[in-house]
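Quick look at model17.cif (mmCIF, C-alpha atoms):
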data_run
#
loop_
_atom_site.label_atom_id
_atom_site.label_comp_id
_atom_site.auth_asym_id
_atom_site.auth_seq_id
_atom_site.Cartn_x
_atom_site.Cartn_y
_atom_site.Cartn_z
CA MET A 1 79.01 107.21 117.14
CA VAL A 2 79.94 103.61 116.38
CA LEU A 3 82.95 103.35 114.07
CA ARG A 4 82.06 101.44 110.91
CA LEU A 5 85.16 99.66 109.66
CA ILE A 6 85.71 99.96 105.93
CA ALA A 7 87.96 98.54 103.23
CA VAL A 8 89.70 101.79 102.28
CA SER A 9 93.03 100.34 103.37
CA SER A 10 92.90 97.81 100.53
CA ILE A 11 93.36 100.69 98.08
CA ALA A 12 96.81 101.33 99.48
CA VAL A 13 98.31 97.85 99.43
CA ALA A 14 99.91 97.74 95.96
CA SER A 15 101.92 100.96 96.33
CA ALA A 16 102.39 101.26 100.10
CA ASN A 17 106.20 101.09 99.91
CA THR A 18 106.73 103.37 96.90
CA TRP A 19 106.93 107.16 96.94
CA PHE A 20 105.44 109.15 94.06
CA ASN A 21 105.90 112.75 92.92
CA ALA A 22 102.98 115.16 92.74
CA SER A 23 102.21 118.82 92.29
CA THR A 24 99.83 120.53 94.70
CA SER A 25 97.47 123.46 94.80
CA ARG A 26 94.94 124.75 97.30
CA PHE A 27 91.21 125.39 97.27
CA ASN A 28 89.46 127.81 99.58
CA VAL A 29 86.03 127.47 101.15
CA LYS A 30 84.13 130.60 102.14
CA ASN A 31 81.13 128.81 103.66
CA TYR A 32 81.54 125.30 105.04
CA ASP A 33 77.80 124.97 105.51
CA SER A 34 77.08 125.27 101.79
CA GLN A 35 80.25 123.95 100.13
CA LYS A 36 80.74 120.21 100.62
CA GLY A 37 83.08 117.50 99.39
CA SER A 38 82.02 115.12 96.63
CA CYS A 39 82.69 111.96 98.68
CA GLY A 40 79.26 111.98 100.25
CA GLY A 41 78.64 115.67 100.93
CA CYS A 42 81.56 115.77 103.36
CA GLY A 43 82.18 118.71 105.66
CA LEU A 44 85.54 119.84 104.32
CA ASN A 45 86.82 121.23 107.64
CA MET A 46 86.73 117.81 109.33
CA PHE A 47 90.47 117.92 110.17
CA ALA A 48 90.56 121.49 111.47
CA ASP A 49 91.47 120.29 114.96
CA MET A 50 93.50 117.23 113.95
CA LYS A 51 97.23 117.93 114.06
CA GLY A 52 99.18 117.04 110.92
CA TRP A 53 96.15 116.16 108.73
CA ALA A 54 94.59 117.83 105.70
CA ALA A 55 91.42 117.32 103.68
CA VAL A 56 92.27 117.09 99.98
CA SER A 57 90.81 116.50 96.58
CA ALA A 58 92.71 114.49 93.97
CA ALA A 59 93.03 115.04 90.23
CA GLU A 60 90.19 113.58 88.18
CA SER A 61 92.74 111.28 86.51
CA MET A 62 93.41 109.70 89.91
CA GLN A 63 89.70 109.24 90.65
CA VAL A 64 87.94 107.81 87.61
CA PRO A 65 85.66 105.97 87.29
CA TYR A 66 82.99 107.33 89.62
CA ALA A 67 80.75 104.88 91.42
CA CYS A 68 77.59 106.99 91.23
CA LYS A 69 75.96 108.87 88.37
CA GLY A 70 77.22 112.39 87.82
CA ASP A 71 80.62 114.02 87.39
CA TYR A 72 81.34 114.44 91.09
CA ALA A 73 79.90 111.32 92.72
CA CYS A 74 82.02 108.88 94.74
CA ALA A 75 85.44 108.47 93.10
CA THR A 76 86.74 104.89 93.03
CA GLY A 77 90.25 105.41 91.63
CA GLY A 78 89.83 102.12 89.78
CA GLY A 79 91.49 103.40 86.61
CA GLN A 80 94.74 104.12 88.42
CA LYS A 81 94.63 100.83 90.32
CA ASP A 82 94.21 98.93 87.06
CA ALA A 83 97.22 100.79 85.61
CA GLY A 84 99.37 100.20 88.70
CA GLY A 85 99.18 103.85 89.72
CA VAL A 86 98.06 105.71 92.84
CA SER A 87 94.34 105.86 93.52
CA GLY A 88 92.68 109.12 94.50
CA GLY A 89 89.44 107.39 95.40
CA CYS A 90 87.19 108.62 98.19
CA GLY A 91 88.63 107.80 101.60
CA GLN A 92 92.20 107.19 100.41
CA CYS A 93 94.85 108.36 102.89
CA TYR A 94 98.38 109.52 102.04
CA SER A 95 101.65 110.22 103.78
CA VAL A 96 103.05 113.41 102.22
CA HIS A 97 106.47 115.12 102.32
CA THR A 98 106.90 118.53 100.72
CA GLN A 99 110.21 118.94 98.86
CA GLY A 100 111.09 122.54 99.65
CA THR A 101 110.24 124.02 96.26
CA ASN A 102 107.44 124.40 93.72
CA PRO A 103 107.12 124.45 89.90
CA PHE A 104 108.11 128.13 89.99
CA ASP A 105 111.45 127.41 91.76
CA ALA A 106 110.42 129.16 94.96
CA LYS A 107 112.11 128.15 98.22
CA LEU A 108 109.55 126.60 100.58
CA PRO A 109 109.63 124.86 103.97
CA LYS A 110 109.90 121.07 104.07
CA VAL A 111 106.88 119.67 105.89
CA GLN A 112 105.61 116.16 106.57
CA PHE A 113 101.85 115.73 106.84
CA TYR A 114 99.00 113.33 106.15
CA ALA A 115 95.99 113.71 103.87
CA ALA A 116 92.63 112.09 103.18
CA VAL A 117 90.70 112.35 99.90
CA VAL A 118 87.18 113.70 100.42
CA ASP A 119 86.58 115.71 97.23
CA THR A 120 87.27 115.96 93.49
CA CYS A 121 89.67 118.21 91.59
CA ALA A 122 87.77 118.18 88.30
CA HIS A 123 89.70 118.86 85.09
CA GLU A 124 86.85 121.03 83.81
CA TYR A 125 87.45 123.57 86.56
CA ASN A 126 91.20 123.19 87.04
CA LYS A 127 92.74 122.35 83.68
CA ASP A 128 96.28 123.50 84.51
CA TRP A 129 96.71 121.31 87.58
CA CYS A 130 94.27 118.39 87.42
CA ALA A 131 94.58 116.00 84.48
CA LYS A 132 91.47 114.23 83.21
CA HIS A 133 92.68 110.82 82.01
CA VAL A 134 94.77 108.10 83.67
CA GLY A 135 98.43 108.55 82.70
CA ALA A 136 98.02 112.13 81.48
CA LYS A 137 100.25 114.86 82.93
CA ASN A 138 99.18 118.32 84.01
CA SER A 139 100.58 121.57 82.64
CA TYR A 140 103.54 121.36 85.01
CA GLY A 141 104.56 117.85 83.99
CA PHE A 142 103.06 115.88 86.90
CA GLN A 143 100.85 112.81 86.53
CA TYR A 144 99.60 113.13 90.11
CA HIS A 145 98.10 116.19 91.75
CA ILE A 146 96.77 116.84 95.26
CA ASN A 147 94.54 119.85 95.94
CA VAL A 148 94.76 120.85 99.62
CA LEU A 149 92.01 122.63 101.57
CA GLY A 150 93.30 126.18 102.05
CA ASP A 151 92.69 126.34 105.81
CA ASP A 152 94.55 123.05 106.27
CA ALA A 153 97.41 124.25 104.06
CA ASP A 154 97.72 127.33 106.27
CA LYS A 155 97.57 125.20 109.41
CA LEU A 156 100.39 122.99 108.12
CA LYS A 157 102.44 125.96 106.81
CA ILE A 158 103.34 124.16 103.58
CA GLY A 159 103.60 127.29 101.43
CA ASP A 160 102.35 127.83 97.88
CA ASN A 161 102.08 124.87 95.45
CA PRO A 162 104.82 122.68 96.98
CA ILE A 163 106.07 119.71 94.99
CA VAL A 164 105.60 116.63 97.17
CA HIS A 165 106.57 113.00 97.53
CA PHE A 166 103.58 110.95 98.67
CA ARG A 167 102.43 107.38 99.10
CA PRO A 168 99.17 105.63 100.01
CA MET A 169 98.77 104.49 103.60
CA GLU A 170 96.28 102.88 105.94
CA CYS A 171 93.86 105.43 107.39
CA PRO A 172 94.08 105.54 111.21
CA GLU A 173 90.86 104.78 113.08
CA GLN A 174 90.61 108.39 114.28
CA VAL A 175 90.66 109.57 110.67
CA LEU A 176 88.15 106.93 109.53
CA GLU A 177 85.84 108.02 112.31
CA ALA A 178 86.17 111.69 111.31
CA MET A 179 85.39 110.87 107.66
CA GLN A 180 82.40 108.70 108.53
CA LYS A 181 81.01 111.32 110.89
CA SER A 182 81.41 114.02 108.25
CA CYS A 183 80.55 112.11 105.03
CA CYS A 184 77.93 109.44 105.81
CA ASP A 185 74.16 109.97 105.43
CA LYS A 186 74.65 113.63 104.49
CA TRP A 187 72.93 113.70 101.09
CA PHE A 188 70.06 111.52 102.31
CA LYS A 189 69.77 108.80 104.93
CA GLY A 190 71.59 105.72 103.60
CA VAL A 191 73.02 107.60 100.62
CA GLY A 192 76.76 108.20 100.23
CA CYS A 193 80.04 106.68 99.08
CA SER A 194 80.45 103.06 100.11
CA SER A 195 84.26 103.38 100.18
CA ILE A 196 83.83 105.55 103.28
CA CYS A 197 80.35 104.53 104.43
CA PRO A 198 79.88 100.76 103.85
CA ASP A 199 76.12 100.83 104.39
CA ASN A 200 75.55 103.82 102.08
CA GLN A 201 74.73 103.55 98.38
CA CYS A 202 74.28 105.74 95.29
CA ALA A 203 70.82 107.21 94.95
CA ALA A 204 71.06 110.98 95.00
CA PRO A 205 71.74 113.98 92.76
CA SER A 206 75.42 114.79 92.23
CA PRO A 207 76.96 116.90 95.01
CA SER A 208 78.55 120.26 94.30
CA PRO A 209 82.10 120.25 92.92
CA SER A 210 85.06 121.70 94.75
CA PRO A 211 84.63 125.44 95.25
CA THR A 212 85.82 127.50 92.28
CA PRO A 213 88.49 130.17 92.73
CA SER A 214 87.25 133.56 93.87
CA GLY A 215 89.05 135.60 91.22
CA SER A 216 91.91 136.51 93.55
CA CYS A 217 95.27 134.91 94.27
CA ASP A 218 95.63 133.32 97.68
CA PRO A 219 98.24 133.68 99.05
CA ALA A 220 98.74 137.17 97.64
CA CYS A 221 101.33 137.62 94.91
CA THR A 222 104.82 138.85 95.65
CA LYS A 223 105.67 142.35 94.41
CA ASP A 224 107.27 141.02 91.21
CA ARG A 225 104.14 139.11 90.16
CA THR A 226 100.63 140.17 89.17
CA CYS A 227 97.45 138.26 89.97
CA VAL A 228 95.82 137.19 86.69
CA THR A 229 92.35 135.60 86.53
CA GLN A 230 91.17 133.78 83.42
CA ALA A 231 87.93 134.97 81.82
CA ASP A 232 85.70 132.18 83.15
CA GLY A 233 86.80 132.95 86.71
CA TYR A 234 87.85 129.37 87.43
CA TRP A 235 91.57 130.02 87.92
CA SER A 236 93.81 132.80 89.23
CA GLN A 237 97.61 132.69 89.23
CA CYS A 238 100.52 134.99 90.07
CA ILE A 239 102.25 135.94 86.80
CA ASP A 240 105.64 137.61 86.29
CA CYS A 241 105.24 139.96 83.32
CA SER A 242 108.98 140.47 82.79
CA THR A 243 109.91 139.20 79.33
CA ARG A 244 112.38 136.51 80.43
CA VAL A 245 110.20 134.92 83.11
CA PHE A 246 106.98 135.31 81.12
CA GLN A 247 108.44 133.45 78.14
CA LYS A 248 109.94 130.76 80.41
CA GLU A 249 106.63 129.99 82.13
CA CYS A 250 103.92 130.76 79.58
CA GLY A 251 104.21 127.45 77.73
CA ASN A 252 102.94 125.66 80.84
CA TRP A 253 99.66 127.59 81.12
CA GLY A 254 96.26 126.52 79.90
CA LYS A 255 94.70 128.44 77.02
CA ALA A 256 92.31 130.47 79.19
CA LEU A 257 95.00 131.59 81.62
CA LEU A 258 97.45 132.30 78.78
CA LYS A 259 94.94 134.56 77.03
CA ALA A 260 94.35 136.53 80.24
CA ALA A 261 98.07 136.75 81.00
CA GLU A 262 98.93 137.98 77.49
CA LYS A 263 96.33 140.72 77.84
CA THR A 264 97.45 141.73 81.34
CA CYS A 265 101.16 141.71 80.51
CA ASP A 266 100.75 143.05 76.97
CA ALA A 267 102.92 140.20 75.75
CA LYS A 268 102.72 137.26 73.35
CA CYS A 269 103.87 133.80 74.35
CA ALA A 270 106.41 132.33 71.93
CA ALA A 271 106.10 128.80 73.32
CA ALA A 272 103.51 126.19 72.35
CA VAL A 273 100.56 125.89 74.74
CA VAL A 274 100.47 122.54 76.53
CA VAL A 275 96.76 122.35 77.33
#
Output the file's structure as structure tokens, nothing else.
Amino acid sequence: MVLRLIAVSSIAVASANTWFNASTSRFNVKNYDSQKGSCGGCGLNMFADMKGWAAVSAAESMQVPYACKGDYACATGGGQKDAGGVSGGCGQCYSVHTQGTNPFDAKLPKVQFYAAVVDTCAHEYNKDWCAKHVGAKNSYGFQYHINVLGDDADKLKIGDNPIVHFRPMECPEQVLEAMQKSCCDKWFKGVGCSSICPDNQCAAPSPSPSPTPSGSCDPACTKDRTCVTQADGYWSQCIDCSTRVFQKECGNWGKALLKAAEKTCDAKCAAAVVV
């Protein structure tokens, strides 16, 4: 395959020397043949054999506007660039350092890795983690959010929901080649995201969104927490039903998760709901 050079690196220039804070989550794919990334129908396991790299989706607030018609078509990240923030547009690469903890104060390993955006973390399906509008914060107080492919998260051994410092970077040629091989001409010949595939254009139905949670918590909950799934099935989270911890954390949950947690724990949250 001939490597087609692209202008993704220009996305990174403004913020290349500044580190930003972000929350993270993971998304799992049961069937890589049927579940594809929104940046051209990308095969999400493209970095399975590439040491230190992960396929990720970025919060919708980091991706708007979209270049093609549809909710999941070719993120540009132009809104963030205009605001001086970090783009989560298709093909953007990051250097990432986990900080050894998560929003739940767990102790986690500190890991350095690299990531490339090939999918969308849509607010509609992930309201707690992925904000919708530029400048908005998620339920855990973070403006930026990176959603890591589950198999890559396991490969990197980053733990559950690590808080990270990250910054945009130039994508190495090996990574560009992997993205172009996986994302170009997949919907139809000549159709894809021009930020990754310069000779592709918008002219296809919207691709499928990131896979929705399966209704189970992965990784499994510790013995002091219970796996709670909201009614629409789009989010599962490990909840501590003890009164002190429940009341400390419940104000950060979205309405759907809060309702399910209150029912499971037979408790009522005294705090105001953020989302």
Can you tell me, as a compact mmCIF listing (two decimals) with C-alpha atoms, in the frame of the given file, which residues sit within 12 Å of (109.6, 131.5, 98.2) in the file's frame, using all atoms listed in the file?
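The resulting file, selection26.txt, is shown below:
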# COMPACT_ATOMS: atom_id res chain seq x y z
CA GLY A 100 111.09 122.54 99.65
CA THR A 101 110.24 124.02 96.26
CA ASN A 102 107.44 124.40 93.72
CA PRO A 103 107.12 124.45 89.90
CA PHE A 104 108.11 128.13 89.99
CA ASP A 105 111.45 127.41 91.76
CA ALA A 106 110.42 129.16 94.96
CA LYS A 107 112.11 128.15 98.22
CA LEU A 108 109.55 126.60 100.58
CA PRO A 109 109.63 124.86 103.97
CA LYS A 110 109.90 121.07 104.07
CA ILE A 158 103.34 124.16 103.58
CA GLY A 159 103.60 127.29 101.43
CA ASP A 160 102.35 127.83 97.88
CA ASN A 161 102.08 124.87 95.45
CA PRO A 162 104.82 122.68 96.98
CA PRO A 219 98.24 133.68 99.05
CA CYS A 221 101.33 137.62 94.91
CA THR A 222 104.82 138.85 95.65
### Message
Let me make sure I understand: among A:Ser61, A:Gln92, A:Asn28, A:Gln99, which one has the smallest atom-to-atom distance to A:Val134 if we use all atoms listed in the file?
### Response
A:Ser61
Quick one: what's the axis-aligned box for stretch 250-257 of chain A, all listed atoms, 3 Å on every side, centre and edges in Å to one decimal, as AutoDock Vina command-line options?
--center_x 98.3 --center_y 128.6 --center_z 79.3 --size_x 17.9 --size_y 11.9 --size_z 10.6
### Task
For atom CA of A:Tyr94 and atom CA of A:His123, determine how far apart the two atoms are, in Å to one decimal place.
21.2 Å
## Note on the structure
Pairwise distance, atom CA of A:Cys227 with atom CA of A:Lys263, equals 12.4 Å
Run the PyMOL selection byres ((chain A and resi 140) around 9) on the file and write out the hits as a compact mmCIF listing (two decimals) with C-alpha atoms, keeping the file's coordinate frame.
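result_6.txt written:
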# COMPACT_ATOMS: atom_id res chain seq x y z
CA SER A 23 102.21 118.82 92.29
CA PRO A 103 107.12 124.45 89.90
CA ASP A 128 96.28 123.50 84.51
CA TRP A 129 96.71 121.31 87.58
CA LYS A 137 100.25 114.86 82.93
CA ASN A 138 99.18 118.32 84.01
CA SER A 139 100.58 121.57 82.64
CA GLY A 141 104.56 117.85 83.99
CA PHE A 142 103.06 115.88 86.90
CA ASN A 252 102.94 125.66 80.84
CA TRP A 253 99.66 127.59 81.12
Please, could N, CA and C atoms be added to stretch 59-86 of chain A and the result written as a PDB file, in the frame of the given file?
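Written file, result_13.pdb:
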ATOM      1  N   ALA A  59      93.302 114.804  91.650  1.00  0.00           N
ATOM      2  CA  ALA A  59      93.030 115.040  90.230  1.00  0.00           C
ATOM      3  C   ALA A  59      92.026 114.024  89.703  1.00  0.00           C
ATOM      4  N   GLU A  60      91.195 114.461  88.786  1.00  0.00           N
ATOM      5  CA  GLU A  60      90.190 113.580  88.180  1.00  0.00           C
ATOM      6  C   GLU A  60      90.831 112.314  87.616  1.00  0.00           C
ATOM      7  N   SER A  61      92.046 112.436  87.076  1.00  0.00           N
ATOM      8  CA  SER A  61      92.740 111.280  86.510  1.00  0.00           C
ATOM      9  C   SER A  61      93.081 110.231  87.558  1.00  0.00           C
ATOM     10  N   MET A  62      93.138 110.627  88.817  1.00  0.00           N
ATOM     11  CA  MET A  62      93.410 109.700  89.910  1.00  0.00           C
ATOM     12  C   MET A  62      92.129 109.098  90.471  1.00  0.00           C
ATOM     13  N   GLN A  63      90.973 109.605  90.019  1.00  0.00           N
ATOM     14  CA  GLN A  63      89.700 109.240  90.650  1.00  0.00           C
ATOM     15  C   GLN A  63      88.768 108.400  89.786  1.00  0.00           C
ATOM     16  N   VAL A  64      88.868 108.527  88.488  1.00  0.00           N
ATOM     17  CA  VAL A  64      87.940 107.810  87.610  1.00  0.00           C
ATOM     18  C   VAL A  64      88.112 106.303  87.734  1.00  0.00           C
ATOM     19  N   PRO A  65      87.032 105.536  87.524  1.00  0.00           N
ATOM     20  CA  PRO A  65      85.660 105.970  87.290  1.00  0.00           C
ATOM     21  C   PRO A  65      84.954 106.329  88.604  1.00  0.00           C
ATOM     22  N   TYR A  66      83.789 106.968  88.460  1.00  0.00           N
ATOM     23  CA  TYR A  66      82.990 107.330  89.620  1.00  0.00           C
ATOM     24  C   TYR A  66      81.897 106.286  89.838  1.00  0.00           C
ATOM     25  N   ALA A  67      81.672 105.958  91.092  1.00  0.00           N
ATOM     26  CA  ALA A  67      80.750 104.880  91.420  1.00  0.00           C
ATOM     27  C   ALA A  67      79.293 105.266  91.181  1.00  0.00           C
ATOM     28  N   CYS A  68      78.969 106.525  91.343  1.00  0.00           N
ATOM     29  CA  CYS A  68      77.590 106.990  91.230  1.00  0.00           C
ATOM     30  C   CYS A  68      77.421 107.843  89.982  1.00  0.00           C
ATOM     31  N   LYS A  69      76.229 108.058  89.550  1.00  0.00           N
ATOM     32  CA  LYS A  69      75.960 108.870  88.370  1.00  0.00           C
ATOM     33  C   LYS A  69      76.298 110.318  88.669  1.00  0.00           C
ATOM     34  N   GLY A  70      76.846 111.001  87.648  1.00  0.00           N
ATOM     35  CA  GLY A  70      77.220 112.390  87.820  1.00  0.00           C
ATOM     36  C   GLY A  70      78.721 112.548  87.810  1.00  0.00           C
ATOM     37  N   ASP A  71      79.189 113.758  87.525  1.00  0.00           N
ATOM     38  CA  ASP A  71      80.620 114.020  87.390  1.00  0.00           C
ATOM     39  C   ASP A  71      81.359 114.045  88.723  1.00  0.00           C
ATOM     40  N   TYR A  72      80.661 114.222  89.818  1.00  0.00           N
ATOM     41  CA  TYR A  72      81.340 114.440  91.090  1.00  0.00           C
ATOM     42  C   TYR A  72      80.923 113.432  92.157  1.00  0.00           C
ATOM     43  N   ALA A  73      80.493 112.246  91.767  1.00  0.00           N
ATOM     44  CA  ALA A  73      79.900 111.320  92.720  1.00  0.00           C
ATOM     45  C   ALA A  73      80.792 110.123  93.000  1.00  0.00           C
ATOM     46  N   CYS A  74      81.377 110.084  94.188  1.00  0.00           N
ATOM     47  CA  CYS A  74      82.020 108.880  94.740  1.00  0.00           C
ATOM     48  C   CYS A  74      83.123 108.309  93.849  1.00  0.00           C
ATOM     49  N   ALA A  75      84.278 108.944  93.859  1.00  0.00           N
ATOM     50  CA  ALA A  75      85.440 108.470  93.100  1.00  0.00           C
ATOM     51  C   ALA A  75      85.891 107.111  93.602  1.00  0.00           C
ATOM     52  N   THR A  76      86.237 106.221  92.665  1.00  0.00           N
ATOM     53  CA  THR A  76      86.740 104.890  93.030  1.00  0.00           C
ATOM     54  C   THR A  76      88.243 104.779  92.861  1.00  0.00           C
ATOM     55  N   GLY A  77      88.826 105.538  91.919  1.00  0.00           N
ATOM     56  CA  GLY A  77      90.250 105.410  91.630  1.00  0.00           C
ATOM     57  C   GLY A  77      90.613 104.122  90.921  1.00  0.00           C
ATOM     58  N   GLY A  78      89.603 103.416  90.406  1.00  0.00           N
ATOM     59  CA  GLY A  78      89.830 102.120  89.780  1.00  0.00           C
ATOM     60  C   GLY A  78      90.720 102.175  88.552  1.00  0.00           C
ATOM     61  N   GLY A  79      90.654 103.273  87.802  1.00  0.00           N
ATOM     62  CA  GLY A  79      91.490 103.400  86.610  1.00  0.00           C
ATOM     63  C   GLY A  79      92.964 103.380  86.947  1.00  0.00           C
ATOM     64  N   GLN A  80      93.350 104.108  87.997  1.00  0.00           N
ATOM     65  CA  GLN A  80      94.740 104.120  88.420  1.00  0.00           C
ATOM     66  C   GLN A  80      95.165 102.768  88.984  1.00  0.00           C
ATOM     67  N   LYS A  81      94.290 102.138  89.757  1.00  0.00           N
ATOM     68  CA  LYS A  81      94.630 100.830  90.320  1.00  0.00           C
ATOM     69  C   LYS A  81      94.872  99.811  89.216  1.00  0.00           C
ATOM     70  N   ASP A  82      94.044  99.860  88.178  1.00  0.00           N
ATOM     71  CA  ASP A  82      94.210  98.930  87.060  1.00  0.00           C
ATOM     72  C   ASP A  82      95.532  99.166  86.320  1.00  0.00           C
ATOM     73  N   ALA A  83      95.988 100.426  86.314  1.00  0.00           N
ATOM     74  CA  ALA A  83      97.220 100.790  85.610  1.00  0.00           C
ATOM     75  C   ALA A  83      98.458 100.679  86.502  1.00  0.00           C
ATOM     76  N   GLY A  84      98.250 100.288  87.769  1.00  0.00           N
ATOM     77  CA  GLY A  84      99.370 100.200  88.700  1.00  0.00           C
ATOM     78  C   GLY A  84      99.772 101.522  89.296  1.00  0.00           C
ATOM     79  N   GLY A  85      98.888 102.521  89.186  1.00  0.00           N
ATOM     80  CA  GLY A  85      99.180 103.850  89.720  1.00  0.00           C
ATOM     81  C   GLY A  85      98.576 104.062  91.087  1.00  0.00           C
ATOM     82  N   VAL A  86      98.546 105.336  91.508  1.00  0.00           N
ATOM     83  CA  VAL A  86      98.060 105.710  92.840  1.00  0.00           C
ATOM     84  C   VAL A  86      96.607 106.149  92.745  1.00  0.00           C
TER      85      VAL A  86
END
